[in-house]
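Enquirer: Provided below: final-v8.cif, containing mmCIF, C-alpha atoms and all ligand atoms.
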```cif
data_structure
#
loop_
_atom_site.group_PDB
_atom_site.id
_atom_site.type_symbol
_atom_site.label_atom_id
_atom_site.label_comp_id
_atom_site.auth_asym_id
_atom_site.auth_seq_id
_atom_site.Cartn_x
_atom_site.Cartn_y
_atom_site.Cartn_z
ATOM 1 C CA MET A 164 -102.136 -55.492 -34.688
ATOM 2 C CA GLY A 165 -101.150 -55.950 -31.033
ATOM 3 C CA ARG A 166 -104.676 -55.068 -29.920
ATOM 4 C CA LEU A 167 -106.249 -57.436 -32.435
ATOM 5 C CA LEU A 168 -103.990 -60.341 -31.451
ATOM 6 C CA GLY A 169 -104.493 -59.705 -27.729
ATOM 7 C CA THR A 170 -108.286 -59.651 -28.180
ATOM 8 C CA ALA A 171 -108.202 -62.828 -30.282
ATOM 9 C CA ILE A 172 -106.172 -64.684 -27.631
ATOM 10 C CA LEU A 173 -108.567 -63.491 -24.926
ATOM 11 C CA LEU A 174 -111.634 -64.615 -26.922
ATOM 12 C CA ILE A 175 -110.192 -68.028 -27.763
ATOM 13 C CA THR A 176 -109.333 -68.558 -24.088
ATOM 14 C CA LEU A 177 -112.810 -67.596 -22.877
ATOM 15 C CA ILE A 178 -114.584 -69.709 -25.521
ATOM 16 C CA THR A 179 -112.424 -72.751 -24.682
ATOM 17 C CA ILE A 180 -113.128 -72.448 -20.956
ATOM 18 C CA ALA A 181 -116.858 -71.881 -21.571
ATOM 19 C CA ALA A 182 -117.001 -74.990 -23.808
ATOM 20 C CA PHE A 183 -115.630 -77.135 -20.988
ATOM 21 C CA ALA A 184 -117.689 -75.415 -18.287
ATOM 22 C CA THR A 185 -121.029 -76.261 -19.955
ATOM 23 C CA GLY A 186 -120.341 -79.956 -19.294
ATOM 24 C CA ARG A 187 -121.849 -80.768 -22.665
ATOM 25 C CA TRP A 188 -119.024 -83.096 -23.661
ATOM 26 C CA TRP A 189 -118.756 -84.869 -20.349
ATOM 27 C CA PHE A 190 -118.804 -88.677 -20.034
ATOM 28 C CA PRO A 191 -122.058 -90.636 -20.195
ATOM 29 C CA PRO A 192 -123.458 -91.535 -16.722
ATOM 30 C CA SER A 193 -121.287 -94.079 -14.931
ATOM 31 C CA ALA A 194 -122.236 -97.769 -14.725
ATOM 32 C CA ALA A 195 -119.457 -98.903 -12.385
ATOM 33 C CA SER A 196 -118.807 -98.483 -8.660
ATOM 34 C CA HIS A 197 -115.491 -96.690 -9.183
ATOM 35 C CA GLY A 198 -117.084 -94.188 -11.637
ATOM 36 C CA ALA A 199 -117.533 -91.343 -9.135
ATOM 37 C CA ALA A 200 -113.917 -91.584 -7.953
ATOM 38 C CA ILE A 201 -112.594 -91.500 -11.530
ATOM 39 C CA ASP A 202 -114.859 -88.565 -12.385
ATOM 40 C CA GLY A 203 -113.691 -86.706 -9.260
ATOM 41 C CA GLN A 204 -110.057 -87.256 -10.184
ATOM 42 C CA PHE A 205 -110.767 -86.182 -13.758
ATOM 43 C CA LYS A 206 -112.532 -82.991 -12.637
ATOM 44 C CA LEU A 207 -109.681 -82.098 -10.279
ATOM 45 C CA THR A 208 -107.132 -82.502 -13.097
ATOM 46 C CA LEU A 209 -109.291 -80.444 -15.474
ATOM 47 C CA TRP A 210 -109.682 -77.631 -12.917
ATOM 48 C CA ILE A 211 -105.954 -77.410 -12.292
ATOM 49 C CA VAL A 212 -105.156 -77.500 -15.999
ATOM 50 C CA ALA A 213 -107.893 -74.909 -16.674
ATOM 51 C CA ILE A 214 -106.395 -72.504 -14.107
ATOM 52 C CA ALA A 215 -102.891 -72.924 -15.581
ATOM 53 C CA PHE A 216 -104.247 -72.549 -19.117
ATOM 54 C CA ALA A 217 -106.231 -69.402 -18.299
ATOM 55 C CA ALA A 218 -103.312 -67.814 -16.406
ATOM 56 C CA ALA A 219 -100.843 -68.461 -19.244
ATOM 57 C CA GLN A 220 -103.191 -67.290 -22.006
ATOM 58 C CA LEU A 221 -104.323 -64.168 -20.148
ATOM 59 C CA ALA A 222 -100.701 -63.239 -19.413
ATOM 60 C CA LEU A 223 -99.910 -63.704 -23.114
ATOM 61 C CA ALA A 224 -102.892 -61.575 -24.201
ATOM 62 C CA PHE A 225 -101.909 -58.876 -21.695
ATOM 63 C CA ALA A 226 -98.266 -58.801 -22.848
ATOM 64 C CA VAL A 227 -99.222 -58.639 -26.540
ATOM 65 C CA TRP A 228 -101.648 -55.777 -25.859
ATOM 66 C CA ARG A 229 -99.584 -53.826 -23.321
ATOM 67 C CA TYR A 230 -96.228 -53.925 -25.110
ATOM 68 C CA ARG A 231 -97.456 -53.479 -28.680
ATOM 69 C CA GLY A 232 -95.364 -51.150 -30.792
ATOM 70 C CA THR A 233 -92.735 -50.579 -28.082
ATOM 71 C CA ALA A 234 -89.094 -51.599 -27.895
ATOM 72 C CA HIS A 235 -90.289 -54.662 -25.894
ATOM 73 C CA SER A 236 -92.223 -56.020 -28.878
ATOM 74 C CA ARG A 237 -89.044 -56.763 -30.827
ATOM 75 C CA ALA A 238 -87.641 -60.285 -30.767
ATOM 76 C CA ILE A 239 -84.391 -60.538 -28.839
ATOM 77 C CA HIS A 240 -82.096 -63.413 -28.025
ATOM 78 C CA THR A 241 -82.251 -64.692 -24.465
ATOM 79 C CA ASP A 242 -80.521 -67.552 -22.690
ATOM 80 C CA GLY A 243 -83.442 -67.941 -20.297
ATOM 81 C CA HIS A 244 -83.686 -67.313 -16.603
ATOM 82 C CA THR A 245 -82.516 -70.224 -14.474
ATOM 83 C CA ARG A 246 -84.442 -69.320 -11.332
ATOM 84 C CA ILE A 247 -87.767 -68.821 -13.142
ATOM 85 C CA GLU A 248 -87.280 -72.075 -15.019
ATOM 86 C CA LEU A 249 -86.531 -73.972 -11.810
ATOM 87 C CA ILE A 250 -89.628 -72.498 -10.138
ATOM 88 C CA CYS A 251 -91.849 -73.456 -13.116
ATOM 89 C CA LEU A 252 -90.387 -76.947 -13.196
ATOM 90 C CA GLY A 253 -90.786 -77.397 -9.436
ATOM 91 C CA VAL A 254 -94.410 -76.202 -9.389
ATOM 92 C CA THR A 255 -95.342 -78.400 -12.392
ATOM 93 C CA ALA A 256 -93.640 -81.451 -10.865
ATOM 94 C CA ALA A 257 -95.348 -80.875 -7.487
ATOM 95 C CA VAL A 258 -98.791 -80.547 -9.119
ATOM 96 C CA PHE A 259 -98.441 -83.701 -11.215
ATOM 97 C CA VAL A 260 -96.906 -85.814 -8.463
ATOM 98 C CA THR A 261 -99.739 -84.744 -6.112
ATOM 99 C CA LEU A 262 -102.356 -85.671 -8.730
ATOM 100 C CA ALA A 263 -100.718 -89.063 -9.254
ATOM 101 C CA VAL A 264 -100.608 -89.770 -5.505
ATOM 102 C CA LEU A 265 -104.276 -88.752 -5.112
ATOM 103 C CA GLY A 266 -105.316 -91.019 -7.992
ATOM 104 C CA GLN A 267 -103.270 -94.074 -7.100
ATOM 105 C CA ARG A 268 -105.880 -95.634 -4.794
ATOM 106 C CA VAL A 269 -108.585 -95.831 -7.491
ATOM 107 C CA TRP A 270 -105.979 -97.037 -9.958
ATOM 108 C CA ALA A 271 -104.738 -99.721 -7.559
ATOM 109 C CA ASP A 272 -108.279 -100.894 -6.679
ATOM 110 C CA LEU A 273 -108.978 -101.388 -10.363
ATOM 111 C CA ARG A 274 -105.725 -102.975 -11.411
ATOM 112 C CA ILE A 275 -103.601 -104.243 -8.531
ATOM 113 C CA ALA A 276 -105.988 -105.346 -5.744
ATOM 114 C CA SER A 277 -107.090 -108.962 -6.035
ATOM 115 C CA ALA A 278 -110.720 -109.509 -6.998
ATOM 116 C CA PRO A 279 -113.182 -109.896 -4.097
ATOM 117 C CA GLU A 280 -114.503 -113.347 -3.169
ATOM 118 C CA GLY A 281 -117.217 -114.519 -5.544
ATOM 119 C CA ALA A 282 -116.152 -112.281 -8.421
ATOM 120 C CA LEU A 283 -117.121 -113.386 -11.903
ATOM 121 C CA GLU A 284 -114.057 -113.919 -14.072
ATOM 122 C CA VAL A 285 -114.265 -113.113 -17.777
ATOM 123 C CA GLU A 286 -111.441 -113.314 -20.276
ATOM 124 C CA VAL A 287 -111.520 -110.478 -22.804
ATOM 125 C CA ILE A 288 -109.698 -111.640 -25.928
ATOM 126 C CA GLY A 289 -109.029 -108.987 -28.568
ATOM 127 C CA GLN A 290 -108.463 -110.067 -32.137
ATOM 128 C CA GLN A 291 -108.548 -108.397 -35.545
ATOM 129 C CA PHE A 292 -111.421 -107.339 -35.633
ATOM 130 C CA VAL A 293 -113.662 -108.687 -32.929
ATOM 131 C CA TRP A 294 -113.895 -109.005 -29.148
ATOM 132 C CA ASN A 295 -114.245 -112.539 -27.707
ATOM 133 C CA PHE A 296 -115.365 -113.118 -24.124
ATOM 134 C CA ARG A 297 -114.660 -116.411 -22.374
ATOM 135 C CA TYR A 298 -116.589 -117.525 -19.263
ATOM 136 C CA PRO A 299 -115.241 -120.308 -17.048
ATOM 137 C CA GLY A 300 -118.611 -122.114 -16.723
ATOM 138 C CA SER A 301 -120.079 -123.601 -13.537
ATOM 139 C CA ASP A 302 -116.738 -124.986 -12.283
ATOM 140 C CA GLY A 303 -115.410 -121.409 -12.133
ATOM 141 C CA THR A 304 -112.142 -122.514 -13.759
ATOM 142 C CA PHE A 305 -110.863 -121.709 -17.232
ATOM 143 C CA GLY A 306 -109.630 -124.653 -19.275
ATOM 144 C CA ARG A 307 -106.201 -124.714 -20.879
ATOM 145 C CA THR A 308 -105.825 -122.922 -24.219
ATOM 146 C CA ASN A 309 -103.301 -123.227 -27.010
ATOM 147 C CA PRO A 310 -102.733 -120.577 -29.688
ATOM 148 C CA ALA A 311 -101.990 -123.346 -32.206
ATOM 149 C CA LEU A 312 -105.648 -124.415 -31.871
ATOM 150 C CA TYR A 313 -107.321 -121.044 -32.646
ATOM 151 C CA ASP A 314 -110.323 -121.687 -34.874
ATOM 152 C CA ASP A 315 -112.178 -118.529 -35.891
ATOM 153 C CA GLU A 316 -114.435 -120.306 -38.401
ATOM 154 C CA ASN A 317 -116.270 -122.339 -35.801
ATOM 155 C CA ASN A 318 -117.112 -119.736 -33.178
ATOM 156 C CA SER A 319 -120.345 -120.817 -31.486
ATOM 157 C CA PRO A 320 -120.146 -120.398 -27.665
ATOM 158 C CA THR A 321 -119.572 -124.134 -27.113
ATOM 159 C CA ALA A 322 -117.334 -124.798 -30.146
ATOM 160 C CA ARG A 323 -114.010 -126.541 -29.460
ATOM 161 C CA PRO A 324 -111.366 -125.272 -29.817
ATOM 162 C CA GLY A 325 -113.164 -122.135 -31.087
ATOM 163 C CA PRO A 326 -111.635 -118.656 -31.305
ATOM 164 C CA ALA A 327 -110.129 -118.959 -27.803
ATOM 165 C CA GLY A 328 -108.207 -122.149 -28.742
ATOM 166 C CA ILE A 329 -109.636 -124.232 -25.872
ATOM 167 C CA ASP A 330 -107.794 -127.529 -25.469
ATOM 168 C CA SER A 331 -110.521 -130.204 -25.251
ATOM 169 C CA LYS A 332 -108.161 -132.558 -23.391
ATOM 170 C CA ASP A 333 -108.425 -130.370 -20.277
ATOM 171 C CA PRO A 334 -111.631 -131.229 -18.317
ATOM 172 C CA ALA A 335 -111.699 -127.708 -16.763
ATOM 173 C CA GLY A 336 -112.477 -126.327 -20.218
ATOM 174 C CA LYS A 337 -115.516 -128.588 -20.841
ATOM 175 C CA ASP A 338 -118.038 -126.006 -19.605
ATOM 176 C CA ASP A 339 -116.205 -122.884 -20.818
ATOM 177 C CA LEU A 340 -118.295 -120.585 -23.004
ATOM 178 C CA VAL A 341 -117.044 -118.068 -25.551
ATOM 179 C CA SER A 342 -119.319 -115.206 -26.544
ATOM 180 C CA VAL A 343 -118.318 -113.280 -29.656
ATOM 181 C CA GLY A 344 -119.070 -109.546 -29.625
ATOM 182 C CA VAL A 345 -121.273 -109.461 -26.510
ATOM 183 C CA MET A 346 -120.181 -109.530 -22.884
ATOM 184 C CA ALA A 347 -122.961 -109.946 -20.335
ATOM 185 C CA VAL A 348 -122.249 -109.399 -16.629
ATOM 186 C CA PRO A 349 -124.545 -109.526 -13.577
ATOM 187 C CA LEU A 350 -125.585 -106.261 -11.917
ATOM 188 C CA GLY A 351 -123.946 -105.657 -8.527
ATOM 189 C CA ARG A 352 -121.556 -108.619 -8.595
ATOM 190 C CA PRO A 353 -117.806 -107.887 -8.778
ATOM 191 C CA VAL A 354 -116.254 -108.762 -12.119
ATOM 192 C CA LYS A 355 -112.630 -109.552 -12.830
ATOM 193 C CA LEU A 356 -111.652 -109.021 -16.444
ATOM 194 C CA ILE A 357 -108.530 -110.676 -17.807
ATOM 195 C CA ILE A 358 -107.643 -108.664 -20.881
ATOM 196 C CA GLN A 359 -105.456 -110.151 -23.601
ATOM 197 C CA SER A 360 -104.913 -110.162 -27.358
ATOM 198 C CA LYS A 361 -104.418 -112.825 -30.016
ATOM 199 C CA ASP A 362 -102.553 -110.665 -32.517
ATOM 200 C CA VAL A 363 -101.823 -106.944 -32.237
ATOM 201 C CA THR A 364 -102.395 -104.363 -29.498
ATOM 202 C CA HIS A 365 -106.064 -103.473 -29.062
ATOM 203 C CA SER A 366 -107.690 -101.327 -26.396
ATOM 204 C CA PHE A 367 -110.784 -102.306 -24.439
ATOM 205 C CA PHE A 368 -112.801 -99.124 -23.927
ATOM 206 C CA VAL A 369 -116.209 -98.720 -22.278
ATOM 207 C CA PRO A 370 -116.877 -95.062 -21.398
ATOM 208 C CA GLU A 371 -119.743 -95.964 -18.997
ATOM 209 C CA LEU A 372 -117.344 -98.172 -17.005
ATOM 210 C CA ARG A 373 -114.623 -95.493 -17.055
ATOM 211 C CA ILE A 374 -112.346 -98.291 -18.237
ATOM 212 C CA LYS A 375 -109.842 -98.111 -21.060
ATOM 213 C CA GLN A 376 -107.154 -100.760 -21.067
ATOM 214 C CA ASP A 377 -104.791 -101.932 -23.785
ATOM 215 C CA ALA A 378 -105.003 -105.601 -24.743
ATOM 216 C CA VAL A 379 -101.390 -106.589 -25.335
ATOM 217 C CA PRO A 380 -100.233 -109.830 -26.985
ATOM 218 C CA GLY A 381 -98.478 -112.039 -24.429
ATOM 219 C CA LEU A 382 -99.927 -110.233 -21.384
ATOM 220 C CA ARG A 383 -102.921 -111.121 -19.208
ATOM 221 C CA ILE A 384 -104.009 -107.831 -17.653
ATOM 222 C CA ALA A 385 -106.476 -108.089 -14.776
ATOM 223 C CA LEU A 386 -109.019 -105.366 -14.064
ATOM 224 C CA ASN A 387 -111.710 -105.355 -11.343
ATOM 225 C CA PHE A 388 -114.992 -103.494 -11.363
ATOM 226 C CA THR A 389 -118.540 -103.809 -10.047
ATOM 227 C CA PRO A 390 -121.406 -102.960 -12.433
ATOM 228 C CA THR A 391 -123.951 -100.589 -10.884
ATOM 229 C CA ARG A 392 -126.422 -99.832 -13.681
ATOM 230 C CA ALA A 393 -128.267 -102.237 -15.968
ATOM 231 C CA GLY A 394 -128.153 -101.515 -19.673
ATOM 232 C CA ARG A 395 -126.446 -102.160 -22.976
ATOM 233 C CA PHE A 396 -123.276 -100.196 -23.657
ATOM 234 C CA GLU A 397 -120.869 -100.037 -26.550
ATOM 235 C CA ILE A 398 -117.407 -101.568 -26.266
ATOM 236 C CA ALA A 399 -114.980 -99.842 -28.607
ATOM 237 C CA CYS A 400 -111.466 -100.740 -29.631
ATOM 238 C CA ALA A 401 -109.515 -97.575 -28.820
ATOM 239 C CA GLU A 402 -106.281 -98.594 -30.491
ATOM 240 C CA LEU A 403 -105.772 -98.349 -34.250
ATOM 241 C CA CYS A 404 -105.310 -102.081 -34.843
ATOM 242 C CA GLY A 405 -105.541 -102.529 -38.601
ATOM 243 C CA LEU A 406 -107.596 -101.719 -41.690
ATOM 244 C CA SER A 407 -110.937 -102.798 -40.213
ATOM 245 C CA HIS A 408 -110.314 -101.259 -36.801
ATOM 246 C CA HIS A 409 -113.539 -99.240 -37.178
ATOM 247 C CA ARG A 410 -115.586 -102.465 -37.255
ATOM 248 C CA MET A 411 -114.168 -103.695 -33.959
ATOM 249 C CA ARG A 412 -117.033 -102.946 -31.611
ATOM 250 C CA GLY A 413 -118.845 -105.082 -29.122
ATOM 251 C CA PHE A 414 -121.524 -104.656 -26.494
ATOM 252 C CA LEU A 415 -121.514 -104.862 -22.738
ATOM 253 C CA GLU A 416 -124.830 -106.010 -21.281
ATOM 254 C CA ILE A 417 -125.287 -105.415 -17.566
ATOM 255 C CA ARG A 418 -128.210 -107.645 -16.543
ATOM 256 C CA GLU A 419 -130.045 -108.506 -13.338
ATOM 257 C CA ALA A 420 -128.542 -111.667 -11.805
ATOM 258 C CA ALA A 421 -131.428 -113.944 -12.924
ATOM 259 C CA GLU A 422 -131.332 -112.503 -16.442
ATOM 260 C CA PHE A 423 -127.589 -113.072 -16.560
ATOM 261 C CA ASP A 424 -127.959 -116.740 -15.528
ATOM 262 C CA LYS A 425 -130.587 -117.164 -18.238
ATOM 263 C CA TRP A 426 -128.219 -115.617 -20.803
ATOM 264 C CA LEU A 427 -125.464 -118.074 -19.834
ATOM 265 C CA LEU A 428 -127.855 -121.046 -20.093
ATOM 266 C CA GLU A 429 -128.952 -119.947 -23.557
ATOM 267 C CA LYS A 430 -125.318 -119.551 -24.659
ATOM 268 C CA ALA A 431 -124.586 -123.083 -23.473
ATOM 269 C CA LYS A 432 -127.259 -124.382 -25.874
ATOM 270 C CA GLU A 433 -125.910 -122.561 -28.949
HETATM 271 CU CU CU A 501 -108.707 -103.466 -32.179
#
```
Show me the file's structure as structure tokens.
Ligand SMILES: [Cu+2]
Expert:
Amino acid sequence: MGRLLGTAILLITLITIAAFATGRWWFPPSAASHGAAIDGQFKLTLWIVAIAFAAAQLALAFAVWRYRGTAHSRAIHTDGHTRIELICLGVTAAVFVTLAVLGQRVWADLRIASAPEGALEVEVIGQQFVWNFRYPGSDGTFGRTNPALYDDENNSPTARPGPAGIDSKDPAGKDDLVSVGVMAVPLGRPVKLIIQSKDVTHSFFVPELRIKQDAVPGLRIALNFTPTRAGRFEIACAELCGLSHHRMRGFLEIREAAEFDKWLLEKAKE
């Protein structure tokens, strides 16, 4: 029995490591400038976890095999070993604090640094069960909104107040556009997303952007990125947000600058 269990643990460990090592379930190719840094951080974490996982499982398999059928294989009560526990705790804390310190620059560039000059601002507004995207129009300024004005029935890009609840008394909102389900952004130009929610907590997730951010009612969460690859990518809601959560998908379209301008002009006519 000890031999069988030891072999099974060994096999499971090797198969798990091999499954990761093939890279088959890795992310899709990145479409954002910070993608390589996130992938590097992710790989580093996976390597460290893989080494710890393999060491622990191999030690377990060895102990089960080596001490089978001996006095050591009987369960006994133990109060633990303070020094070993302190060492384990210290090593784990050091590893995780180091990983956090190494990753903080990418994290801060995405979330804390202010957007570069000339960045395109887009409001991402989660709602059960659709993503709305508001553009500030040619004046570059968002108009005032009011939750009391939300109108989901009339949701053409130029509708007032529309799903974003744009207050038509504010002149800054005259040229605002709201796109439902599709967010287009220009290739190579920095984008500042302002992520928010109208009802419950949603999560804005685009694997190609390496971005996953909760949309929380009452918060406006800024996130900066620069698109580096043209294409159409799925936007998922990664937070179970209600019965029709599965329907809550949108699309990110990264377009050449001229194509993006054309898209905006067409939206303004809808
Ligand atoms: Cu959702």
Enquirer: Can you list, as a count of residues only, the residues that the PyMOL selection byres (((chain A and resi 427) around 12) and not hetatm) selects here?
Expert: 31
Enquirer: For this structure, which residues satisfy the selection - the PyMOL selection byres (((chain A and resi 210-227) around 9) and not hetatm) - when it is evaluated on the file as given? I want them as a list of chain:residue names.
Expert: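 Taken on the displayed file, the PyMOL selection byres (((chain A and resi 210-227) around 9) and not hetatm) yields the residues A:Gly165, A:Arg166, A:Leu168, A:Gly169, A:Thr170, A:Ala171, A:Ile172, A:Leu173, A:Thr176, A:Leu177, A:Ile180, A:Phe205, A:Lys206, A:Leu207, A:Thr208, A:Leu209, A:Trp228, A:Arg229, A:Tyr230, A:Arg231, A:Ser236, A:Val258.
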Enquirer: Limited to C-alpha atoms, could you put the picked residues into a file as a compact mmCIF listing (two decimals), in the coordinates of the input?
Expert:
```txt
# COMPACT_ATOMS: atom_id res chain seq x y z
CA GLY A 165 -101.15 -55.95 -31.03
CA ARG A 166 -104.68 -55.07 -29.92
CA LEU A 168 -103.99 -60.34 -31.45
CA GLY A 169 -104.49 -59.70 -27.73
CA THR A 170 -108.29 -59.65 -28.18
CA ALA A 171 -108.20 -62.83 -30.28
CA ILE A 172 -106.17 -64.68 -27.63
CA LEU A 173 -108.57 -63.49 -24.93
CA THR A 176 -109.33 -68.56 -24.09
CA LEU A 177 -112.81 -67.60 -22.88
CA ILE A 180 -113.13 -72.45 -20.96
CA PHE A 205 -110.77 -86.18 -13.76
CA LYS A 206 -112.53 -82.99 -12.64
CA LEU A 207 -109.68 -82.10 -10.28
CA THR A 208 -107.13 -82.50 -13.10
CA LEU A 209 -109.29 -80.44 -15.47
CA TRP A 228 -101.65 -55.78 -25.86
CA ARG A 229 -99.58 -53.83 -23.32
CA TYR A 230 -96.23 -53.92 -25.11
CA ARG A 231 -97.46 -53.48 -28.68
CA SER A 236 -92.22 -56.02 -28.88
CA VAL A 258 -98.79 -80.55 -9.12
```
Enquirer: When you draw a straight line from atom CA of A:Ser360 to atom CA of A:Leu372, how long is it in Å?
Expert: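 Taking atom CA of A:Ser360 and atom CA of A:Leu372, their separation equals 20.1 Å.
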Enquirer: I'd like the interatomic distance between atom CA of A:Val369 and atom CA of A:Cys400, to a tenth of an Å.
Expert: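 Spanning atom CA of A:Val369 to atom CA of A:Cys400 is a straight-line distance of 9.0 Å.
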Enquirer: Please identify all polymer residues lying at most 10 Å from the point (-109.4, -108.8, -16.7) (file coordinates), using only C-alpha atoms, and present the result as a ChimeraX atom specification.
Expert: /A:273-274,278,284-288,354-359,376,378,383-388
Enquirer: Which of these residues is nearest to A:Glu397, using only C-alpha atoms: A:Leu415, A:Ile201, A:Val269, A:Ile374?
Expert: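 Residue with the minimum atom-to-atom distance to A:Glu397: A:Leu415.
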Enquirer: Taking all atoms listed in the file into account, list the residues no farther than 9 Å from ligand CU 501 (chain A), as a list in words.
Expert: Gly289, Gln290, Gln291, Phe292, Val293, Trp294, Val363, Thr364, His365, Ser366, Phe367, Ala378, Ala399, Cys400, Ala401, Glu402, Leu403, Cys404, Gly405, Ser407, His408, His409, Arg410, Met411 and Arg412 of chain A
Enquirer: What's around A:Ala199 at 12 Å? Count only C-alpha atoms, leave out sequence neighbours fewer than 3 positions away in its own chain, and write the answer as an NGL selection string.
Expert: :A and (190-196 or 202-206 or 269 or 371-373 or 391)
Enquirer: To one decimal place in Å, what is the distance between atom CA of A:Pro380 and atom CA of A:Arg352?
Expert: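 So the two atoms, atom CA of A:Pro380 and atom CA of A:Arg352, lie 28.2 Å apart.
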Enquirer: Considering only C-alpha atoms, state which residue in the set A:Thr255, A:Ala181, A:Thr304, A:Asn317 is at the smallest distance from A:Leu283.
Expert: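 For A:Leu283, the nearest of the given residues is A:Thr304.
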Enquirer: Of the candidates A:Ala282, A:Ile398, A:Ala311, A:Leu249, which shows the shortest atom-to-atom distance to A:Leu350, using only C-alpha atoms?
Expert: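 Result for the nearest residue to A:Leu350: A:Ala282.
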Enquirer: Counting all atoms listed in the file, which residue out of A:Asn309, A:Leu167, A:Thr261, A:Gly344 sits closest to A:Gly328?
Expert: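 Closest residue, counting all atoms listed in the file: A:Asn309.
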Enquirer: Counting all atoms listed in the file, which residue out of A:Phe396, A:Arg268, A:His235, A:Tyr313 sits closest to A:Pro370?
Expert: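 Of the candidates, the smallest distance to A:Pro370 is held by A:Phe396.
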Enquirer: Find the residue from A:Leu382, A:Leu252, A:Ile417, A:Leu262 that sits nearest to A:Arg395; use only C-alpha atoms when measuring.
Expert: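 Result for the nearest residue to A:Arg395: A:Ile417.
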Enquirer: Step by step: start from the point (-108.3, -127.5, -16.3) in the file's coordinates, keep every protein, DNA or RNA residue that has an atom no farther than 10 Å from it, count only C-alpha atoms, and write the set as a list in words.
Expert: Asp302, Thr304, Phe305, Gly306, Arg307, Thr308, Asp330, Ser331, Lys332, Asp333, Pro334, Ala335, Gly336 and Lys337 of chain A
Enquirer: Tell me which residues the PyMOL selection byres (((chain A and resi 314) around 8) and not hetatm) grabs here, as a count of residues only.
Expert: 11
